[in-house]
Structures are given as C-alpha cells and as structure tokens.
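Visitor: Below is the file coords_15.pdb, which contains PDB, C-alpha atoms.
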```pdb
ATOM      1  CA  MET B   1       8.475  -8.654  37.932
ATOM      2  CA  LEU B   2      12.068  -7.958  36.979
ATOM      3  CA  GLU B   3      12.512  -5.942  33.824
ATOM      4  CA  PRO B   4      14.522  -7.993  31.319
ATOM      5  CA  LYS B   5      17.975  -6.626  30.599
ATOM      6  CA  ARG B   6      17.945  -4.093  27.806
ATOM      7  CA  SER B   7      20.200  -4.591  24.824
ATOM      8  CA  ALA B   8      23.166  -2.303  24.397
ATOM      9  CA  PRO B   9      22.550   0.579  21.981
ATOM     10  CA  LEU B  10      22.991  -0.450  18.381
ATOM     11  CA  ASP B  11      24.232   1.550  15.464
ATOM     12  CA  GLU B  12      22.054   1.859  12.382
ATOM     13  CA  LYS B  13      23.635  -1.079  10.543
ATOM     14  CA  GLN B  14      23.520  -3.390  13.542
ATOM     15  CA  ALA B  15      19.902  -2.441  14.220
ATOM     16  CA  ARG B  16      18.914  -3.162  10.637
ATOM     17  CA  GLU B  17      20.645  -6.540  10.686
ATOM     18  CA  ARG B  18      18.979  -7.464  13.945
ATOM     19  CA  ALA B  19      15.536  -6.457  12.652
ATOM     20  CA  GLU B  20      16.036  -8.560   9.524
ATOM     21  CA  ARG B  21      17.259 -11.496  11.607
ATOM     22  CA  LEU B  22      14.283 -11.212  13.941
ATOM     23  CA  ALA B  23      11.800 -11.314  11.086
ATOM     24  CA  SER B  24      13.468 -14.035   9.047
ATOM     25  CA  ARG B  25      14.047 -16.340  12.007
ATOM     26  CA  TYR B  26      10.508 -15.867  13.176
ATOM     27  CA  VAL B  27       8.981 -16.937   9.889
ATOM     28  CA  GLU B  28      11.457 -19.795   9.493
ATOM     29  CA  ARG B  29      10.463 -21.264  12.842
ATOM     30  CA  GLY B  30       6.771 -20.501  12.939
ATOM     31  CA  PRO B  31       3.554 -20.881  10.968
ATOM     32  CA  TYR B  32       3.509 -17.369   9.496
ATOM     33  CA  ARG B  33       4.996 -15.773   6.403
ATOM     34  CA  LEU B  34       6.395 -12.378   5.593
ATOM     35  CA  ASN B  35       3.885 -10.119   3.879
ATOM     36  CA  PRO B  36       4.236 -10.663   0.123
ATOM     37  CA  ASP B  37       4.240  -6.881  -0.339
ATOM     38  CA  PRO B  38       7.950  -5.963  -0.163
ATOM     39  CA  VAL B  39       7.175  -2.276   0.451
ATOM     40  CA  THR B  40       5.245  -3.084   3.615
ATOM     41  CA  VAL B  41       7.973  -5.437   4.875
ATOM     42  CA  GLU B  42      10.689  -2.885   4.196
ATOM     43  CA  HIS B  43       8.707  -0.132   5.951
ATOM     44  CA  VAL B  44       8.224  -2.251   9.069
ATOM     45  CA  LEU B  45      11.878  -3.357   9.088
ATOM     46  CA  VAL B  46      12.968   0.278   8.906
ATOM     47  CA  GLY B  47      10.685   1.084  11.853
ATOM     48  CA  LEU B  48      11.882  -1.887  13.892
ATOM     49  CA  ALA B  49      15.514  -0.961  13.235
ATOM     50  CA  ARG B  50      14.815   2.642  14.205
ATOM     51  CA  ASN B  51      13.292   1.536  17.498
ATOM     52  CA  LEU B  52      16.159  -0.876  18.142
ATOM     53  CA  ALA B  53      18.665   1.922  17.622
ATOM     54  CA  ARG B  54      16.712   4.449  19.688
ATOM     55  CA  HIS B  55      15.300   2.295  22.441
ATOM     56  CA  GLY B  56      17.285  -0.952  22.359
ATOM     57  CA  ARG B  57      14.131  -2.963  21.676
ATOM     58  CA  PRO B  58      12.259  -3.881  18.490
ATOM     59  CA  TYR B  59       9.071  -2.039  19.397
ATOM     60  CA  CYS B  60       6.274  -2.262  16.842
ATOM     61  CA  PRO B  61       6.699   0.795  14.628
ATOM     62  CA  CYS B  62       2.938   1.386  14.399
ATOM     63  CA  ARG B  63       2.718   2.136  18.090
ATOM     64  CA  GLU B  64       4.011   4.923  20.242
ATOM     65  CA  VAL B  65       6.817   4.124  22.679
ATOM     66  CA  LYS B  66       5.376   5.461  25.926
ATOM     67  CA  GLY B  67       8.441   5.138  28.142
ATOM     68  CA  ASP B  68       6.601   2.841  30.570
ATOM     69  CA  PRO B  69       8.491  -0.488  30.437
ATOM     70  CA  ALA B  70       5.462  -2.554  31.457
ATOM     71  CA  GLU B  71       3.238  -1.009  28.813
ATOM     72  CA  ASP B  72       5.916  -0.879  26.140
ATOM     73  CA  ARG B  73       6.787  -4.540  26.674
ATOM     74  CA  THR B  74       3.491  -5.490  25.042
ATOM     75  CA  ASN B  75       4.641  -3.728  21.879
ATOM     76  CA  ILE B  76       7.821  -5.689  21.288
ATOM     77  CA  CYS B  77       7.759  -7.483  17.943
ATOM     78  CA  PRO B  78       6.402 -10.095  17.550
ATOM     79  CA  CYS B  79       3.813  -8.557  19.858
ATOM     80  CA  PRO B  80       1.473 -10.635  22.025
ATOM     81  CA  GLN B  81      -1.486  -9.615  19.890
ATOM     82  CA  HIS B  82      -0.160 -10.763  16.554
ATOM     83  CA  HIS B  83      -1.519 -14.312  16.846
ATOM     84  CA  ALA B  84      -5.045 -12.988  17.343
ATOM     85  CA  ASP B  85      -4.568 -10.373  14.614
ATOM     86  CA  ILE B  86      -3.449 -12.995  12.104
ATOM     87  CA  ALA B  87      -6.147 -15.461  13.137
ATOM     88  CA  ARG B  88      -8.793 -12.781  12.600
ATOM     89  CA  ASP B  89      -7.435 -10.744   9.708
ATOM     90  CA  GLY B  90      -4.698 -12.826   8.136
ATOM     91  CA  VAL B  91      -2.175 -10.085   8.863
ATOM     92  CA  CYS B  92      -0.700  -8.529  11.999
ATOM     93  CA  GLU B  93      -1.378  -4.883  12.762
ATOM     94  CA  CYS B  94       1.981  -3.635  11.462
ATOM     95  CA  GLY B  95       1.613  -5.829   8.394
ATOM     96  CA  ILE B  96       4.913  -7.688   8.462
ATOM     97  CA  PHE B  97       3.631 -11.179   9.405
ATOM     98  CA  VAL B  98       0.751 -12.859   7.617
ATOM     99  CA  SER B  99      -0.888 -16.260   7.449
ATOM    100  CA  ALA B 100       0.013 -18.655   4.641
ATOM    101  CA  GLU B 101      -3.493 -18.174   3.230
ATOM    102  CA  TYR B 102      -3.145 -14.399   3.225
ATOM    103  CA  ALA B 103       0.255 -14.660   1.537
ATOM    104  CA  ALA B 104      -1.155 -16.888  -1.190
ATOM    105  CA  ALA B 105      -4.105 -14.573  -1.792
ATOM    106  CA  HIS B 106      -2.116 -11.325  -1.841
ATOM    107  CA  GLN B 107       0.776 -11.975  -4.161
ATOM    108  CA  VAL B 108       1.804  -8.526  -5.363
ATOM    109  CA  GLY B 109       1.456  -8.072  -9.098
ATOM    110  CA  THR B 110      -1.119 -10.782  -9.540
ATOM    111  CA  GLN B 111      -4.014 -10.496  -7.134
ATOM    112  CA  THR B 112      -3.925  -6.705  -6.859
ATOM    113  CA  GLU B 113      -4.089  -6.172 -10.592
ATOM    114  CA  LYS B 114      -6.637  -8.911 -11.187
ATOM    115  CA  GLU B 115      -8.867  -7.476  -8.495
ATOM    116  CA  ALA B 116      -8.950  -4.141 -10.223
TER     117      ALA B 116
ATOM    118  CA  MET F 117     -18.469  -6.296  -2.571
ATOM    119  CA  GLY F 118     -15.814  -6.336   0.144
ATOM    120  CA  PHE F 119     -15.207  -3.883   2.935
ATOM    121  CA  THR F 120     -13.339  -1.474   0.691
ATOM    122  CA  LEU F 121     -14.810   0.477  -2.199
ATOM    123  CA  ASP F 122     -14.062  -1.268  -5.483
ATOM    124  CA  VAL F 123     -12.276   0.373  -8.378
ATOM    125  CA  GLY F 124     -14.901   1.490 -10.899
ATOM    126  CA  VAL F 125     -17.548   2.194  -8.261
ATOM    127  CA  LYS F 126     -18.902   5.712  -7.740
ATOM    128  CA  ALA F 127     -17.593   7.199  -4.508
ATOM    129  CA  PRO F 128     -20.121   8.247  -1.870
ATOM    130  CA  ASP F 129     -20.546  11.949  -1.168
ATOM    131  CA  PHE F 130     -19.936  13.279   2.324
ATOM    132  CA  THR F 131     -20.139  16.461   4.347
ATOM    133  CA  LEU F 132     -17.604  16.871   7.131
ATOM    134  CA  LYS F 133     -16.181  19.668   9.230
ATOM    135  CA  GLY F 134     -12.719  20.866   8.315
ATOM    136  CA  VAL F 135      -9.985  22.364  10.438
ATOM    137  CA  ASP F 136     -10.936  25.714   8.903
ATOM    138  CA  GLY F 137     -14.273  25.476  10.744
ATOM    139  CA  LYS F 138     -16.220  25.082   7.495
ATOM    140  CA  MET F 139     -18.217  22.126   6.239
ATOM    141  CA  HIS F 140     -16.772  20.428   3.156
ATOM    142  CA  SER F 141     -18.578  18.081   0.769
ATOM    143  CA  LEU F 142     -17.212  16.030  -2.086
ATOM    144  CA  ALA F 143     -19.809  17.806  -4.222
ATOM    145  CA  ASP F 144     -18.140  21.152  -3.455
ATOM    146  CA  TYR F 145     -15.309  20.073  -5.736
ATOM    147  CA  ALA F 146     -17.447  19.071  -8.706
ATOM    148  CA  ASP F 147     -15.432  21.321 -11.018
ATOM    149  CA  ARG F 148     -12.179  19.448 -10.340
ATOM    150  CA  LYS F 149     -10.936  16.895 -12.855
ATOM    151  CA  ALA F 150      -9.892  14.552 -10.068
ATOM    152  CA  VAL F 151     -10.269  14.388  -6.309
ATOM    153  CA  VAL F 152      -7.844  12.544  -4.057
ATOM    154  CA  VAL F 153      -9.459  11.436  -0.813
ATOM    155  CA  ILE F 154      -6.816  10.348   1.683
ATOM    156  CA  VAL F 155      -7.887   8.652   4.888
ATOM    157  CA  SER F 156      -5.311   9.792   7.384
ATOM    158  CA  CYS F 157      -4.805  10.853  10.993
ATOM    159  CA  ASN F 158      -2.408  12.728  13.250
ATOM    160  CA  HIS F 159      -0.652  10.056  15.264
ATOM    161  CA  CYS F 160       0.515   7.461  12.752
ATOM    162  CA  PRO F 161       4.282   7.641  12.087
ATOM    163  CA  THR F 162       3.724   6.642   8.453
ATOM    164  CA  VAL F 163       1.277   9.504   7.959
ATOM    165  CA  ILE F 164       3.788  11.938   9.443
ATOM    166  CA  GLN F 165       6.397  10.703   6.987
ATOM    167  CA  TYR F 166       3.999  11.411   4.130
ATOM    168  CA  GLU F 167       2.675  14.838   5.154
ATOM    169  CA  ASP F 168       5.239  16.845   3.175
ATOM    170  CA  ARG F 169       4.574  14.699   0.128
ATOM    171  CA  MET F 170       0.828  15.251   0.439
ATOM    172  CA  ILE F 171       1.367  19.018   0.606
ATOM    173  CA  GLN F 172       3.654  18.893  -2.423
ATOM    174  CA  ILE F 173       1.219  16.808  -4.461
ATOM    175  CA  GLN F 174      -1.534  19.370  -3.806
ATOM    176  CA  LYS F 175       0.848  22.171  -4.819
ATOM    177  CA  ASP F 176       1.939  20.403  -7.985
ATOM    178  CA  TYR F 177      -1.540  19.370  -9.122
ATOM    179  CA  ALA F 178      -3.799  22.212  -7.946
ATOM    180  CA  GLY F 179      -3.321  24.065 -11.214
ATOM    181  CA  LYS F 180      -4.212  20.925 -13.137
ATOM    182  CA  GLY F 181      -7.634  20.644 -11.537
ATOM    183  CA  VAL F 182      -6.866  18.204  -8.743
ATOM    184  CA  GLN F 183      -8.096  18.521  -5.157
ATOM    185  CA  LEU F 184      -6.777  16.592  -2.173
ATOM    186  CA  ILE F 185      -9.218  16.028   0.695
ATOM    187  CA  VAL F 186      -7.760  14.430   3.815
ATOM    188  CA  ILE F 187     -10.069  12.756   6.322
ATOM    189  CA  ASN F 188      -9.304  11.581   9.840
ATOM    190  CA  GLY F 189     -11.826   9.201  11.376
ATOM    191  CA  ASN F 190      -9.763   7.596  14.109
ATOM    192  CA  GLU F 191     -11.345   7.101  17.515
ATOM    193  CA  THR F 192      -9.878   9.455  20.078
ATOM    194  CA  ASP F 193     -10.245   7.646  23.416
ATOM    195  CA  GLY F 194      -7.141   5.569  22.755
ATOM    196  CA  HIS F 195      -5.607   8.060  20.348
ATOM    197  CA  PRO F 196      -6.287  11.504  21.830
ATOM    198  CA  THR F 197      -3.900  13.280  19.469
ATOM    199  CA  ASP F 198      -6.253  12.394  16.625
ATOM    200  CA  ASP F 199      -9.001  14.677  17.938
ATOM    201  CA  PHE F 200     -10.217  17.799  16.170
ATOM    202  CA  ALA F 201      -8.223  20.255  18.291
ATOM    203  CA  HIS F 202      -4.990  18.422  17.515
ATOM    204  CA  MET F 203      -5.952  18.292  13.829
ATOM    205  CA  VAL F 204      -6.336  22.080  13.789
ATOM    206  CA  GLN F 205      -2.943  22.420  15.438
ATOM    207  CA  ARG F 206      -1.248  19.976  13.053
ATOM    208  CA  ALA F 207      -2.695  21.621   9.955
ATOM    209  CA  LYS F 208      -1.461  25.001  11.138
ATOM    210  CA  GLU F 209       2.008  23.771  12.097
ATOM    211  CA  ARG F 210       2.572  21.888   8.859
ATOM    212  CA  GLY F 211       0.813  24.360   6.573
ATOM    213  CA  PHE F 212      -1.675  21.929   5.069
ATOM    214  CA  ASP F 213      -2.829  23.283   1.722
ATOM    215  CA  PHE F 214      -5.825  20.935   1.507
ATOM    216  CA  PRO F 215      -9.007  20.473   3.553
ATOM    217  CA  TYR F 216      -8.367  18.321   6.625
ATOM    218  CA  LEU F 217     -11.706  16.928   7.777
ATOM    219  CA  ARG F 218     -12.883  15.154  10.918
ATOM    220  CA  ASP F 219     -15.128  12.088  10.497
ATOM    221  CA  ASP F 220     -16.071  11.532  14.121
ATOM    222  CA  THR F 221     -18.856   9.025  13.366
ATOM    223  CA  GLN F 222     -16.506   7.093  11.032
ATOM    224  CA  GLU F 223     -19.351   6.814   8.521
ATOM    225  CA  VAL F 224     -17.268   8.164   5.655
ATOM    226  CA  VAL F 225     -14.149   6.178   6.460
ATOM    227  CA  ARG F 226     -16.369   3.091   6.679
ATOM    228  CA  ALA F 227     -18.175   3.930   3.433
ATOM    229  CA  TYR F 228     -14.857   4.146   1.591
ATOM    230  CA  GLY F 229     -13.602   1.082   3.460
ATOM    231  CA  ALA F 230     -10.234   2.411   4.532
ATOM    232  CA  VAL F 231      -8.098  -0.023   6.487
ATOM    233  CA  ARG F 232      -4.859   1.881   7.068
ATOM    234  CA  THR F 233      -3.541   5.438   7.221
ATOM    235  CA  PRO F 234      -2.633   6.979   4.892
ATOM    236  CA  GLU F 235      -4.870   5.293   2.326
ATOM    237  CA  VAL F 236      -5.526   6.905  -1.039
ATOM    238  CA  PHE F 237      -8.813   6.893  -2.965
ATOM    239  CA  LEU F 238      -8.351   8.672  -6.305
ATOM    240  CA  LEU F 239     -11.640   9.665  -7.889
ATOM    241  CA  GLY F 240     -11.806  10.419 -11.584
ATOM    242  CA  PRO F 241     -13.852  13.077 -13.391
ATOM    243  CA  ASP F 242     -17.114  11.169 -12.833
ATOM    244  CA  ARG F 243     -16.079  10.453  -9.218
ATOM    245  CA  THR F 244     -15.673   6.754  -9.669
ATOM    246  CA  LEU F 245     -12.722   5.191  -7.896
ATOM    247  CA  VAL F 246      -9.826   4.851 -10.321
ATOM    248  CA  TYR F 247      -6.921   4.217  -7.962
ATOM    249  CA  HIS F 248      -6.740   2.859  -4.419
ATOM    250  CA  GLY F 249      -3.719   2.266  -2.230
ATOM    251  CA  ARG F 250      -0.460   3.930  -1.308
ATOM    252  CA  ILE F 251       1.070   7.292  -2.208
ATOM    253  CA  ASP F 252       4.357   5.783  -3.358
ATOM    254  CA  ASP F 253       6.604   2.819  -2.686
ATOM    255  CA  ASN F 254       8.955   4.245  -0.058
ATOM    256  CA  PRO F 255       7.380   5.781   3.059
ATOM    257  CA  ASP F 256      10.759   6.052   4.768
ATOM    258  CA  ASP F 257      12.858   7.887   2.195
ATOM    259  CA  PRO F 258      11.277  10.153  -0.415
ATOM    260  CA  LYS F 259      14.580  10.276  -2.309
ATOM    261  CA  ARG F 260      14.514   6.523  -2.852
ATOM    262  CA  VAL F 261      10.987   6.268  -4.199
ATOM    263  CA  ARG F 262      10.976   4.108  -7.310
ATOM    264  CA  ARG F 263       7.304   4.375  -8.170
ATOM    265  CA  HIS F 264       5.180   7.431  -7.418
ATOM    266  CA  ASP F 265       1.940   5.462  -7.574
ATOM    267  CA  LEU F 266      -0.457   8.336  -6.882
ATOM    268  CA  ARG F 267       1.314  10.785  -9.188
ATOM    269  CA  VAL F 268       1.426   8.203 -11.984
ATOM    270  CA  ALA F 269      -2.298   7.535 -11.541
ATOM    271  CA  LEU F 270      -3.059  11.272 -11.479
ATOM    272  CA  ASP F 271      -1.068  11.877 -14.661
ATOM    273  CA  GLU F 272      -2.924   9.061 -16.381
ATOM    274  CA  VAL F 273      -6.337  10.347 -15.266
ATOM    275  CA  LEU F 274      -5.513  13.879 -16.369
ATOM    276  CA  ALA F 275      -4.392  12.526 -19.745
ATOM    277  CA  GLY F 276      -7.730  10.734 -20.103
ATOM    278  CA  LYS F 277      -6.080   7.326 -19.914
ATOM    279  CA  PRO F 278      -7.052   4.344 -17.762
ATOM    280  CA  VAL F 279      -4.938   3.953 -14.649
ATOM    281  CA  SER F 280      -2.329   1.295 -15.415
ATOM    282  CA  VAL F 281      -1.961   0.074 -11.818
ATOM    283  CA  PRO F 282      -5.324   0.826 -10.178
ATOM    284  CA  LYS F 283      -4.610  -0.889  -6.897
ATOM    285  CA  THR F 284      -1.602  -1.132  -4.583
ATOM    286  CA  PRO F 285      -1.346  -2.274  -0.955
ATOM    287  CA  SER F 286      -1.838   0.591   1.482
ATOM    288  CA  ILE F 287       0.945   1.047   4.018
ATOM    289  CA  GLY F 288       0.681   2.428   7.535
ATOM    290  CA  CYS F 289      -1.137   2.093  10.831
ATOM    291  CA  THR F 290      -4.584   0.596  10.966
ATOM    292  CA  VAL F 291      -7.628   2.851  11.180
ATOM    293  CA  LYS F 292      -8.665   2.983  14.849
ATOM    294  CA  TRP F 293     -12.363   2.158  15.151
ATOM    295  CA  TRP F 294     -14.690   3.178  17.955
ATOM    296  CA  GLY F 295     -15.657   0.208  20.111
ATOM    297  CA  LYS F 296     -13.025  -2.077  18.666
ATOM    298  CA  ASP F 297      -9.724  -3.345  19.908
ATOM    299  CA  PRO F 298      -6.915  -1.098  18.582
ATOM    300  CA  HIS F 299      -5.702  -4.027  16.510
ATOM    301  CA  TRP F 300      -9.040  -4.660  14.847
ATOM    302  CA  MET F 301      -9.075  -4.686  11.094
ATOM    303  CA  PRO F 302     -11.953  -5.497   8.800
ATOM    304  CA  ASP F 303     -11.653  -8.374   6.389
ATOM    305  CA  ALA F 304     -10.711  -6.252   3.411
TER     306      ALA F 304
END
```
Just give me the structure as structure tokens.
Guide:
Amino acid sequence: MLEPKRSAPLDEKQARERAERLASRYVERGPYRLNPDPVTVEHVLVGLARNLARHGRPYCPCREVKGDPAEDRTNICPCPQHHADIARDGVCECGIFVSAEYAAAHQVGTQTEKEA
Amino acid sequence: MGFTLDVGVKAPDFTLKGVDGKMHSLADYADRKAVVVIVSCNHCPTVIQYEDRMIQIQKDYAGKGVQLIVINGNETDGHPTDDFAHMVQRAKERGFDFPYLRDDTQEVVRAYGAVRTPEVFLLGPDRTLVYHGRIDDNPDDPKRVRRHDLRVALDEVLAGKPVSVPKTPSIGCTVKWWGKDPHWMPDA
C-alpha cells in the first residue's frame, strides 16, 4: 500500500490551528462531542499540535510514535479505535471525543461536585 | 459503588515492593497527616510532564506530615518500559523522593479504581478518600497552572477543613490492564 503523502512541517502556531480545526470539524460533522472537561481537551490539543509539528501528522498524544509508518498510521487522530472506545466507555482513549450521553453526564462543575 | 473509590470511603491498605527493594504498606505511614497515593507509570507522556511537580510537592509537604506514594500497575507486555527494572532506573534518574511501587497483579490499582495516569487519591488523617483526580489544571505548562488542585486540597486537609473541590477529572493515558485491549477502560 502506498504511504499517503506527509504534510509539510508546520510551525507551532500552524500546528495548533490545524489541531483545533481537526477536532472542531470532527465534532461538527459527526455524532460525538468534545469532552466537557476543558483541561482534558486542551491537553490533547497541545499533544496533537506537538505531534503535527514534530511528525507532520496528528498522532494520538497518548501513544508513542514508533517510526513505523504502518503501525503509526493506526494512531492518527481520530484513530480507528475511537468508535469502539466511545461505544464501550463513552470516551476515547485520549479523552478528547466523547458520546453525547457522556458529555451530558460529565458537565464540569456540576456532576463532579455533586458526585462528591 | 462504581469502579473508582468514592470520596468519603476508607482507602484499602496494600503492601507492594518499591524501587528501593523494600516492601511498603499504607499502614507504614500511619503517623502522616495525609497520604497522597498517585497511580502512575513510566511511559505516559502526561506522567513525565508531572514528575517534577510530584517531586516538588513531596519536598514542599514532607515537613507538614504528608507522604506521597506512587504506584505503577500497568501491564508490561505491551508497555515494557513500565516494568520494575525501568521503574528503578527512572526513579534514580529523576531523583524520586517518594516510594515508587510496583503493583504487578493490579490488585491495588483496581481496588482504588484508577482509570488514568497520573491519578491522585488524597487520603486524610483517617485514611478516607478526601480528594480524587488531577494534580493541577495544566499538564503542559506548569507556569500557566491556574488551579493547583492537589495542593489546594492538601492545604485544606492540613488546616482541618473539608476539601472544597473533592473531585476533578483525571488527565492522562489510560491504565493498561493485563488481558485487556490497550484502549480498555472501565465504566468509571
């Protein structure tokens, strides 16, 4: 299989903008939401932007970039596993995308404090 | 009760081997006013970002009667750098000033119900859980932290006050469980 063309290296600002665009477009067009916890979303966006700047791809920040294109391809956000993760747990492994039900149940500042 | 230990519940004791070669139990620290159990690991990038902060918290609070205990229970087939030998190496390289314990059976990590690394369980004087969640609100830039959740909770516990925000979302990689897909998470 041909390896898809890699993006040109991005500077920090470009990488950040692309990571934000990736996440916002994905939730606009699909069934999932961004995690209602802004700290988690910000942390994942920082990691995605870092990987975009370093590697030219938005690799999931929770996983190691191995340097093997075939293996690493499975870790490009949104990763192939995120549908199963969200179906099972309500949230993807990195934590950026969640189901609508998860989002409703985990509103920061309401559910977390009530639970305690 | 869910997967994770509830605030207000007494934390289970444990005995685990540390990177110093000694066995460590929660009961060994009975004289401390508070114990911070952090479920952690070696490989997670978020953990690595927090290591200096964990060391500093132990430094800042040791004299106030606080003990950090850091536990790594990740499976090591898929994550070989989380094994005991690598833990010993990491603790030495980074100068960990707290016990770093290996939970190979994952019984302790399961008993506390950790989902991600690092995940904080702050135990008060009677060893009930008084705070659960993250260390602070900016894993990526310590200079831009707006809320030092763990430090705030520690200060409140040491002042004999209830913890004002007893629960925050934990941030980081998922705990890697033996026999489970790397993406598996419990329904917390």
Visitor: What is the CA of Ala19 in chain B to CA of Ala53 in chain B distance in Å?
Guide: 10.2 Å
Visitor: When you draw a straight line from CA of Asp89 in chain B to CA of Tyr59 in chain B, how long is it in Å?
Guide: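 Those two atoms sit 21.0 Å apart.
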Visitor: Identify, on the basis of only C-alpha atoms, every residue whose closest approach to range 196-202 of chain F does not exceed 7 Å; exclude the query and any residue fewer than 2 positions from it along the same chain; express the result as a PyMOL selection string.
Guide: chain F and resi 157-159+190+192-194+204-206+218
Visitor: Would you kindly report the residues of chain F within 9 Å of chain B, using all atoms listed in the file, as a list in words?
Guide: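 Within 9 Å of chain B on chain F, we get Asp122, Val123, Gly124, His159, Cys160, Pro161, Thr162, Tyr247, Asp253, Asn254, Pro255, Asp256, Val281, Pro282, Lys283, Thr284, Pro285, Ser286, Ile287, Gly288, Cys289, Thr290, Pro298, His299, Trp300, Met301, Pro302, Asp303 and Ala304 of chain F.
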Visitor: When the PyMOL selection byres ((chain F and resi 125-135) around 8) is applied to the file above, which residues end up in the set, as a list in words?
Guide: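 Applying the expression gives Leu121, Asp122, Val123, Gly124, Asp136, Gly137, Lys138, Met139, His140, Ser141, Leu142, Ala143, Phe200, Met203, Val204, Ala207, Pro215, Tyr216, Leu217, Arg218, Asp219, Val224, Ala227, Tyr228, Leu239, Asp242, Arg243, Thr244 and Leu245 of chain F.
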Visitor: Would you translate the PyMOL selection byres ((chain B and resi 51) around 12) into the concrete set of residues it matches in this file, as JSON, numbers by chain?
Guide: {"B": [7, 9, 10, 11, 12, 15, 16, 18, 19, 44, 45, 46, 47, 48, 49, 50, 52, 53, 54, 55, 56, 57, 58, 59, 60, 61, 62, 63, 64, 65, 72, 75, 76, 77]}
Visitor: Box for range 12-20 of chain B - axis-aligned, 6 Å on each of the six sides, all listed atoms - centre and size in Å to one decimal, as lines of an AutoDock Vina configuration file.
Guide:
```
center_x = 19.6
center_y = -3.4
center_z = 11.9
size_x = 20.1
size_y = 22.4
size_z = 16.7
```
Visitor: Give as a ChimeraX atom specification each residue that has an atom at most 12 Å from (5.4, -21.0, 10.0) in the file, counting all atoms listed in the file.
Guide: /B:23-34,83,97-101,103
Visitor: Separation of CA of Tyr145 in chain F and CA of Ala178 in chain F, in Å?
Guide: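 We find that CA of Tyr145 in chain F and CA of Ala178 in chain F lie 11.9 Å from each other.
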Visitor: Selection in question (the file shown): the PyMOL selection byres ((chain F and resi 148) around 10). Which residues does it include, as a PyMOL selection string?
Guide: chain F and resi 143-147+149-151+178+180-183+240-243
Visitor: Find the residues around Glu167 in chain F up to 10 Å (all atoms listed in the file counted), leave out those fewer than 6 positions away in its own chain, and share them as a list in words.
Guide: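 Everything that qualifies: Ser156, Asn158, Ile173, Ala207, Arg210, Gly211, Phe212 and Pro234 of chain F.
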